[in-house]
file upload21.tsv (TSV, C-alpha atoms)
chain	number	residue	atom	x	y	z
M	1	MET	CA	2.33	37.07	12.77
M	2	GLN	CA	0.73	35.41	9.76
M	3	ASN	CA	-2.71	33.88	10.01
M	4	LEU	CA	-2.13	30.22	10.83
M	5	LEU	CA	-5.83	29.21	10.88
M	6	VAL	CA	-7.57	28.95	7.49
M	7	ARG	CA	-11.34	28.52	7.48
M	8	PRO	CA	-13.17	26.70	4.65
M	9	TRP	CA	-14.35	28.95	1.88
M	10	ALA	CA	-16.80	28.91	-0.99
M	11	GLU	CA	-15.99	29.79	-4.60
M	12	PRO	CA	-19.06	30.40	-6.81
M	13	LEU	CA	-17.21	29.06	-9.87
M	14	ASN	CA	-15.87	26.05	-7.96
M	15	PRO	CA	-18.70	24.96	-5.62
M	16	TYR	CA	-17.16	21.61	-4.67
M	17	LEU	CA	-13.94	23.10	-3.30
M	18	ILE	CA	-13.77	23.02	0.52
M	19	THR	CA	-10.42	24.70	1.05
M	20	ARG	CA	-7.21	25.57	-0.76
M	21	ILE	CA	-3.75	26.31	0.62
M	22	THR	CA	-1.07	27.72	-1.68
M	23	PRO	CA	2.58	28.54	-0.96
M	24	ASP	CA	1.76	32.24	-1.38
M	25	LEU	CA	-1.04	32.06	1.18
M	26	ALA	CA	1.05	30.03	3.64
M	27	GLY	CA	4.27	31.95	3.08
M	28	TRP	CA	6.35	28.87	2.37
M	29	GLN	CA	8.04	27.01	-0.48
M	30	TYR	CA	6.58	23.59	-1.15
M	31	LEU	CA	3.06	22.57	-0.11
M	32	THR	CA	-0.14	23.20	-2.03
M	33	MET	CA	-3.28	21.52	-0.70
M	34	GLU	CA	-6.96	21.28	-1.68
M	35	ALA	CA	-9.98	19.46	-0.26
M	36	ARG	CA	-13.08	18.75	-2.38
M	37	ARG	CA	-16.55	17.33	-1.75
M	38	LEU	CA	-17.85	15.85	-5.02
M	39	PRO	CA	-21.40	14.61	-5.71
M	40	ALA	CA	-21.92	11.46	-7.77
M	41	ASP	CA	-20.43	11.64	-11.28
M	42	GLU	CA	-18.74	14.99	-10.64
M	43	VAL	CA	-15.22	15.06	-12.05
M	44	TRP	CA	-11.96	16.67	-10.97
M	45	GLU	CA	-9.26	16.49	-13.62
M	46	ALA	CA	-5.82	18.05	-13.68
M	47	TYR	CA	-2.17	17.59	-14.66
M	48	THR	CA	0.53	17.27	-12.01
M	49	GLY	CA	3.16	19.05	-14.11
M	50	GLU	CA	6.46	19.28	-12.25
M	51	HIS	CA	4.88	18.16	-8.98
M	52	GLU	CA	4.31	14.91	-7.11
M	53	MET	CA	0.84	14.58	-5.58
M	54	ALA	CA	-0.98	12.55	-2.94
M	55	ILE	CA	-4.77	12.15	-3.06
M	56	VAL	CA	-6.39	10.81	0.12
M	57	ILE	CA	-9.97	9.52	-0.05
M	58	LEU	CA	-11.60	10.91	3.09
M	59	GLY	CA	-15.00	9.33	2.44
M	60	GLY	CA	-16.96	7.72	-0.37
M	61	THR	CA	-15.64	6.08	-3.52
M	62	CYS	CA	-14.21	7.29	-6.81
M	63	SER	CA	-12.57	6.07	-10.00
M	64	ILE	CA	-9.28	7.61	-11.09
M	65	GLU	CA	-8.08	7.41	-14.69
M	66	THR	CA	-4.51	8.46	-15.47
M	67	ASN	CA	-2.03	8.27	-18.34
M	68	ARG	CA	-0.14	5.76	-16.14
M	69	GLY	CA	-3.04	3.40	-15.38
M	70	ASP	CA	-6.59	3.37	-14.10
M	71	PHE	CA	-7.95	2.68	-10.61
M	72	ALA	CA	-11.60	1.70	-10.08
M	73	GLU	CA	-13.65	1.92	-6.87
M	74	VAL	CA	-11.00	3.65	-4.78
M	75	GLY	CA	-12.18	4.22	-1.21
M	76	LYS	CA	-14.54	2.27	1.03
M	77	ARG	CA	-15.13	4.21	4.25
M	78	LYS	CA	-18.18	6.46	4.57
M	79	ASP	CA	-16.11	9.19	6.24
M	80	VAL	CA	-12.85	9.50	8.16
M	81	PHE	CA	-14.45	8.01	11.27
M	82	GLY	CA	-15.50	4.87	9.38
M	83	GLY	CA	-12.23	3.02	8.82
M	84	LEU	CA	-8.86	3.04	7.16
M	85	PRO	CA	-7.94	5.14	4.11
M	86	HIS	CA	-7.27	4.65	0.44
M	87	ALA	CA	-4.83	7.04	-1.24
M	88	LEU	CA	-3.07	7.46	-4.57
M	89	TYR	CA	0.43	8.80	-5.15
M	90	LEU	CA	0.83	10.51	-8.54
M	91	PRO	CA	4.27	11.30	-9.97
M	92	ARG	CA	5.12	14.39	-11.97
M	93	ARG	CA	3.78	14.79	-15.53
M	94	THR	CA	0.64	12.76	-14.84
M	95	ASP	CA	-2.78	13.53	-16.31
M	96	PHE	CA	-5.64	12.33	-14.11
M	97	ARG	CA	-9.42	12.33	-14.09
M	98	LEU	CA	-11.13	11.57	-10.76
M	99	ARG	CA	-14.88	10.82	-10.83
M	100	ALA	CA	-17.09	10.36	-7.76
M	101	THR	CA	-18.95	7.03	-7.85
M	102	THR	CA	-20.94	7.41	-4.61
M	103	ASP	CA	-23.47	10.09	-3.64
M	104	ILE	CA	-20.62	12.03	-2.02
M	105	CYS	CA	-16.90	11.49	-2.38
M	106	GLU	CA	-14.65	13.68	-0.28
M	107	ILE	CA	-10.95	13.95	-1.05
M	108	ALA	CA	-7.91	15.90	0.07
M	109	ALA	CA	-4.85	16.32	-2.12
M	110	ALA	CA	-1.44	17.91	-1.71
M	111	TRP	CA	1.37	18.44	-4.17
M	112	VAL	CA	4.95	19.70	-4.11
M	113	PRO	CA	7.59	20.48	-6.73
M	114	THR	CA	9.84	17.59	-7.67
M	115	GLY	CA	12.75	16.94	-9.99
M	116	GLU	CA	12.48	13.16	-9.70
M	117	ASP	CA	10.43	10.40	-11.29
M	118	HIS	CA	8.71	7.81	-9.10
M	119	PRO	CA	6.04	5.17	-9.89
M	120	ILE	CA	2.34	5.78	-9.46
M	121	GLN	CA	1.23	3.93	-6.31
M	122	LEU	CA	-2.16	2.98	-4.85
M	123	ILE	CA	-2.26	2.78	-1.05
M	124	THR	CA	-5.02	0.53	0.34
M	125	PRO	CA	-6.22	-0.25	3.89
M	126	ALA	CA	-4.36	-3.56	3.73
M	127	GLU	CA	-1.10	-1.59	3.58
M	128	ILE	CA	-1.87	0.72	6.51
M	129	LYS	CA	-0.34	-0.37	9.80
M	130	PRO	CA	-2.22	1.51	12.54
M	131	GLU	CA	-0.15	2.59	15.53
M	132	LEU	CA	-0.93	3.78	19.03
M	133	ARG	CA	1.49	6.47	20.13
M	134	GLY	CA	1.91	8.26	23.41
M	135	GLY	CA	0.22	7.07	26.59
M	136	GLY	CA	-2.50	7.95	29.07
M	137	SER	CA	-4.32	11.11	28.03
M	138	ALA	CA	-1.74	11.67	25.29
M	139	THR	CA	-2.62	8.42	23.46
M	140	ARG	CA	-3.55	8.79	19.79
M	141	GLN	CA	-4.02	6.52	16.78
M	142	ILE	CA	-1.83	7.10	13.72
M	143	HIS	CA	-2.27	5.87	10.14
M	144	ALA	CA	0.91	6.40	8.12
M	145	ILE	CA	-0.27	6.78	4.51
M	146	ILE	CA	2.97	7.96	2.89
M	147	PRO	CA	5.61	7.38	5.58
M	148	PRO	CA	9.33	8.16	5.51
M	149	GLY	CA	10.95	5.70	3.13
M	150	PHE	CA	8.02	5.71	0.68
M	151	ASP	CA	9.08	5.80	-2.98
M	152	CYS	CA	8.73	9.55	-3.57
M	153	GLN	CA	10.89	12.65	-3.18
M	154	ARG	CA	9.35	14.91	-0.56
M	155	LEU	CA	5.79	14.11	0.54
M	156	VAL	CA	4.90	12.62	3.92
M	157	VAL	CA	1.20	11.97	4.70
M	158	SER	CA	-0.54	10.59	7.78
M	159	GLU	CA	-3.81	10.81	9.67
M	160	THR	CA	-4.35	10.95	13.45
M	161	TYR	CA	-7.28	10.27	15.77
M	162	SER	CA	-7.35	11.80	19.26
M	163	PRO	CA	-10.24	10.94	21.66
M	164	GLY	CA	-11.92	13.66	23.70
M	165	GLY	CA	-9.63	15.26	26.26
M	166	ASN	CA	-6.47	13.72	24.80
M	167	TRP	CA	-3.36	15.53	23.68
M	168	SER	CA	-1.62	14.86	20.39
M	169	SER	CA	1.57	15.98	18.65
M	170	TYR	CA	2.77	15.78	22.25
M	171	PRO	CA	5.18	16.41	23.89
M	172	PRO	CA	5.36	19.53	21.74
M	173	HIS	CA	7.85	18.97	18.93
M	174	LYS	CA	9.22	20.93	16.02
M	175	HIS	CA	10.80	20.21	12.64
M	176	ASP	CA	11.98	23.54	11.27
M	177	THR	CA	15.77	23.17	11.14
M	178	HIS	CA	17.73	20.71	9.02
M	179	THR	CA	20.18	19.24	11.52
M	180	VAL	CA	22.63	16.40	10.82
M	181	ALA	CA	24.68	14.60	13.47
M	182	PRO	CA	28.47	14.18	13.02
M	183	ASP	CA	27.87	10.53	12.08
M	184	GLY	CA	25.51	11.60	9.28
M	185	ARG	CA	22.21	10.79	11.03
M	186	LEU	CA	19.40	13.25	10.36
M	187	LEU	CA	18.38	14.69	13.74
M	188	GLU	CA	15.73	17.13	12.50
M	189	ALA	CA	14.26	17.99	9.11
M	190	ALA	CA	12.97	21.41	8.05
M	191	LEU	CA	9.34	20.68	7.15
M	192	GLU	CA	6.25	22.64	6.25
M	193	GLU	CA	3.11	21.02	7.69
M	194	ILE	CA	-0.64	21.21	7.14
M	195	TYR	CA	-3.24	19.99	9.65
M	196	TYR	CA	-6.66	19.42	8.05
M	197	TYR	CA	-9.33	18.83	10.69
M	198	LYS	CA	-12.49	16.78	11.07
M	199	ILE	CA	-14.44	16.49	14.35
M	200	ASP	CA	-16.93	13.67	14.92
M	201	LYS	CA	-19.80	16.03	15.90
M	202	PRO	CA	-20.55	19.34	14.16
M	203	GLU	CA	-20.15	21.55	17.23
M	204	GLY	CA	-16.88	19.94	18.31
M	205	TYR	CA	-13.44	21.50	18.14
M	206	ALA	CA	-9.77	21.07	18.97
M	207	LEU	CA	-7.22	23.57	20.24
M	208	GLN	CA	-3.80	23.79	18.64
M	209	GLN	CA	-0.88	25.87	19.82
M	210	VAL	CA	1.89	26.95	17.46
M	211	TYR	CA	4.86	28.60	19.13
M	212	THR	CA	8.57	29.17	18.68
M	213	ALA	CA	11.12	29.11	21.50
M	214	ASP	CA	11.57	32.88	21.25
M	215	ARG	CA	7.76	33.41	21.02
M	216	ARG	CA	7.97	35.21	17.69
M	217	ILE	CA	5.03	32.92	16.99
M	218	ASP	CA	2.76	32.15	19.95
M	219	ALA	CA	-0.77	31.32	18.84
M	220	ILE	CA	-3.61	29.21	20.24
M	221	LEU	CA	-6.07	28.28	17.49
M	222	ARG	CA	-9.61	26.82	17.73
M	223	ALA	CA	-9.99	24.34	14.86
M	224	ARG	CA	-13.30	22.85	13.71
M	225	THR	CA	-14.29	20.55	10.87
M	226	ASP	CA	-12.71	21.56	7.54
M	227	ASP	CA	-10.36	24.07	9.14
M	228	VAL	CA	-6.67	24.05	8.27
M	229	VAL	CA	-3.85	24.95	10.65
M	230	LEU	CA	-0.53	25.91	9.05
M	231	VAL	CA	2.74	25.03	10.79
M	232	PRO	CA	5.58	26.86	9.03
M	233	GLU	CA	7.85	26.47	12.06
M	234	GLY	CA	7.79	25.93	15.80
M	235	TYR	CA	6.20	23.52	18.26
M	236	HIS	CA	2.57	22.58	17.60
M	237	PRO	CA	0.65	20.44	20.18
M	238	VAL	CA	-3.09	19.66	19.86
M	239	VAL	CA	-5.80	18.86	22.43
M	240	SER	CA	-9.24	17.45	21.56
M	241	ALA	CA	-12.27	18.95	23.33
M	242	HIS	CA	-13.80	16.65	25.93
M	243	GLY	CA	-16.61	14.54	24.44
M	244	TYR	CA	-15.36	14.76	20.85
M	245	THR	CA	-12.98	12.72	18.72
M	246	THR	CA	-10.59	14.83	16.68
M	247	TYR	CA	-9.21	13.70	13.32
M	248	TYR	CA	-6.52	15.52	11.40
M	249	LEU	CA	-4.81	14.76	8.12
M	250	ASN	CA	-1.18	15.87	7.91
M	251	PHE	CA	0.69	16.77	4.75
M	252	LEU	CA	4.40	17.54	5.16
M	253	ALA	CA	7.26	18.42	2.83
M	254	GLY	CA	10.63	20.06	3.12
M	255	SER	CA	14.34	19.36	3.33
M	256	ALA	CA	13.98	15.56	3.55
M	257	GLN	CA	11.36	12.82	3.15
M	258	SER	CA	11.46	12.35	6.90
M	259	LEU	CA	9.68	13.05	10.19
M	260	ALA	CA	12.88	13.75	12.16
M	261	ASN	CA	11.93	16.23	14.89
M	262	SER	CA	12.93	17.68	18.26
M	263	ASP	CA	10.86	17.81	21.45
M	264	ASP	CA	10.46	21.03	23.39
M	265	PRO	CA	13.11	20.40	26.10
M	266	ALA	CA	10.75	21.69	28.80
M	267	PHE	CA	8.27	18.88	28.12
M	268	ALA	CA	10.40	15.97	26.91
M	269	TRP	CA	10.37	14.40	30.40
M	270	LEU	CA	6.71	13.47	29.94
M	271	ARG	CA	7.59	10.51	27.71
M	272	SER	CA	9.03	8.66	30.71
M	273	THR	CA	5.71	8.92	32.59
M	274	TRP	CA	3.58	7.05	30.05
M	275	ARG	CA	2.50	3.57	31.05
M	276	GLU	CA	-0.94	2.50	29.80
M	277	LYS	CA	-2.57	3.31	26.48
M	278	ASP	CA	-6.03	4.91	26.43
M	279	ALA	CA	-8.57	2.03	26.41
M	280	ARG	CA	-10.77	3.95	23.92
M	281	LEU	CA	-8.22	3.19	21.23
M	282	PRO	CA	-7.93	1.69	18.66
M	283	LEU	CA	-11.10	3.07	17.09
M	284	PHE	CA	-11.47	0.52	14.30
M	285	MET	CA	-11.77	-3.22	13.82
M	286	TYR	CA	-9.42	-4.55	11.18
M	287	ALA	CA	-10.13	-6.81	8.24
M	288	PRO	CA	-8.53	-10.29	8.28
M	289	GLU	CA	-6.18	-9.43	5.43
M	290	MET	CA	-4.77	-6.45	7.31
M	291	PRO	CA	-1.49	-6.63	9.27
M	292	ALA	CA	-1.77	-7.27	12.99
M	293	PHE	CA	-2.16	-4.20	15.16
M	294	GLU	CA	0.95	-3.27	17.10
M	295	ASN	CA	1.50	-0.65	19.78
M	296	GLU	CA	4.50	1.60	19.45
M	297	SER	CA	6.69	1.44	22.55
call {"tool": "encode", "arguments": {"input": "upload21.tsv", "output": "structure tokens"}}
result
Amino acid sequence: MQNLLVRPWAEPLNPYLITRITPDLAGWQYLTMEARRLPADEVWEAYTGEHEMAIVILGGTCSIETNRGDFAEVGKRKDVFGGLPHALYLPRRTDFRLRATTDICEIAAAWVPTGEDHPIQLITPAEIKPELRGGGSATRQIHAIIPPGFDCQRLVVSETYSPGGNWSSYPPHKHDTHTVAPDGRLLEAALEEIYYYKIDKPEGYALQQVYTADRRIDAILRARTDDVVLVPEGYHPVVSAHGYTTYYLNFLAGSAQSLANSDDPAFAWLRSTWREKDARLPLFMYAPEMPAFENES
């Protein structure tokens, strides 16, 4: 079984890098991911080449100059527990230069190969429609940053908040087989997925299980701040330790720009038991220009 839990690392020649996931490390085809913590005026510059990329501002503010336009003062929240995100979608063949404009600017980026051209797009808090999903102790708050239907080829990006003791990615679901119904509807996409974790207190943690029906993979992983959990296949529920709020950023890519998935049949019945949402959610107040908050049924 491959190592599905990747701890943050330090590179002497790249001191601002928090973590890096490559297809070779993960054993998959599409997703590359990096997280960086930049001090004021530090620069990260690169070329997307034959990839599309999403950059999510986790905390702090930056300016981003590209050969397709410039974006000043991107990001407003202090950290992921301080509000809604800014993000930037970069198409293939884009030069960019990102400069931190606050004492610390923390970012996470993922990129995947693409053969298509799409417009550069800035995603702001005003465009994020927070959702409450689940119910009871499986309630969580979701921010869809690059949802299915976004103008790109493969990437899907979202962030999730799960209060202490709550379950998320639950009932356990999977998206590892591309399955199409006779009428052409996509029932399940084959997706690689990255979970990048933050916990609201330094000693906090979450537990994530990754398992396949035949138990070829059957792992329980203890994730802390800046850890990555890789989900190449299988079901993958999460539970947040009591007393701590768990945040994770998801990057997905695969056979379709979709989140089509299948519940573990043994646990699908739980959906019918949910009545009330957890009163601790939502976590954030919303600015007047933002869309009204709506619960998902």
call {"tool": "residues_near_point", "arguments": {"input": "upload21.tsv", "point": "(-5.6, -0.9, 1.2)", "cutoff": "8 Å", "atoms": "all atoms listed in the file", "output": "ChimeraX atom specification"}}
result
/M:84-86,122-128
call {"tool": "closest_residue", "arguments": {"input": "upload21.tsv", "among": "M:Thr139, M:Thr48, M:Thr225, M:Gln208", "to": "M:Val80", "atoms": "only C-alpha atoms"}}
result
M:Thr225
call {"tool": "residues_around", "arguments": {"input": "upload21.tsv", "residues": "M:Ala26", "least_positions_apart": "2", "cutoff": "12 Å", "atoms": "only C-alpha atoms", "output": "PyMOL selection string"}}
result
chain M and resi 1-6+20-24+28-33+192-194+228-233
call {"tool": "atom_distance", "arguments": {"input": "upload21.tsv", "atom1": "atom CA of M:Trp269", "atom2": "atom CA of M:His173"}}
result
12.6 Å
call {"tool": "residues_around", "arguments": {"input": "upload21.tsv", "residues": "stretch 253-257 of chain M", "least_positions_apart": "5", "cutoff": "12 Å", "atoms": "all atoms listed in the file", "output": "MDAnalysis selection string"}}
result
chainID M and resid 23 28:33 52:54 110:114 146:157 175:180 186:194 231:233
call {"tool": "closest_residue", "arguments": {"input": "upload21.tsv", "among": "M:Val239, M:Ile199, M:Leu132, M:Ala266", "to": "M:Asp79", "atoms": "all atoms listed in the file"}}
result
M:Ile199
call {"tool": "atom_distance", "arguments": {"input": "upload21.tsv", "atom1": "atom CA of M:Tyr197", "atom2": "atom CA of M:Ala223"}}
result
6.9 Å
call {"tool": "residues_around", "arguments": {"input": "upload21.tsv", "residues": "M:Pro91", "least_positions_apart": "6", "cutoff": "7 Å", "atoms": "all atoms listed in the file", "output": "number ranges by chain"}}
result
M: 51-53, 117-120
call {"tool": "closest_residue", "arguments": {"input": "upload21.tsv", "among": "M:Ser240, M:Gln141, M:Ser63, M:Thr273", "to": "M:Arg224", "atoms": "all atoms listed in the file"}}
result
M:Ser240
call {"tool": "atom_distance", "arguments": {"input": "upload21.tsv", "atom1": "atom CA of M:His143", "atom2": "atom CA of M:Ala10"}}
result
29.4 Å
call {"tool": "closest_residue", "arguments": {"input": "upload21.tsv", "among": "M:Ala206, M:Ala109, M:Ile145, M:Leu221", "to": "M:Gly243", "atoms": "all atoms listed in the file"}}
result
M:Ala206
call {"tool": "closest_residue", "arguments": {"input": "upload21.tsv", "among": "M:Arg93, M:Arg99, M:Arg36, M:Arg280", "to": "M:Trp9", "atoms": "only C-alpha atoms"}}
result
M:Arg36
call {"tool": "residues_around", "arguments": {"input": "upload21.tsv", "residues": "M:Glu45", "least_positions_apart": "5", "cutoff": "9 Å", "atoms": "only C-alpha atoms", "output": "ChimeraX atom specification"}}
result
/M:95-99
call {"tool": "closest_atom_pairs", "arguments": {"input": "upload21.tsv", "of": "stretch 154-271 of chain M", "to": "stretch 55-61 of chain M", "cutoff": "12 Å", "atoms": "all atoms listed in the file", "output": "tab-separated table"}}
result
residue	atom	partner	partner_atom	distance
M:Leu155	CA	M:Ile55	CA	11.3
M:Val156	CA	M:Ile55	CA	11.9
M:Val157	CA	M:Val56	CA	8.9
M:Ser158	CA	M:Val56	CA	9.6
M:Glu159	CA	M:Val56	CA	9.9
M:Tyr196	CA	M:Leu58	CA	11.0
M:Tyr197	CA	M:Leu58	CA	11.2
M:Lys198	CA	M:Leu58	CA	9.9
M:Asp226	CA	M:Leu58	CA	11.6
M:Tyr247	CA	M:Leu58	CA	10.9
M:Tyr248	CA	M:Leu58	CA	10.8
M:Leu249	CA	M:Val56	CA	9.1
M:Asn250	CA	M:Val56	CA	10.7
M:Phe251	CA	M:Val56	CA	10.3
call {"tool": "residues_around", "arguments": {"input": "upload21.tsv", "residues": "M:Asn166", "least_positions_apart": "4", "cutoff": "9 Å", "atoms": "all atoms listed in the file", "output": "VMD selection string"}}
result
chain M and resid 136 to 140 162 238 to 242 245 278
call {"tool": "axis_aligned_box", "arguments": {"input": "upload21.tsv", "around": "stretch 112-123 of chain M", "padding_each_side": "8 Å", "output": "lines of an AutoDock Vina configuration file"}}
result
center_x = 5.2
center_y = 11.6
center_z = -6.2
size_x = 31.0
size_y = 33.7
size_z = 26.2
call {"tool": "closest_residue", "arguments": {"input": "upload21.tsv", "among": "M:Asp263, M:Asp227, M:Glu106, M:Glu50", "to": "M:Gly75", "atoms": "only C-alpha atoms"}}
result
M:Glu106
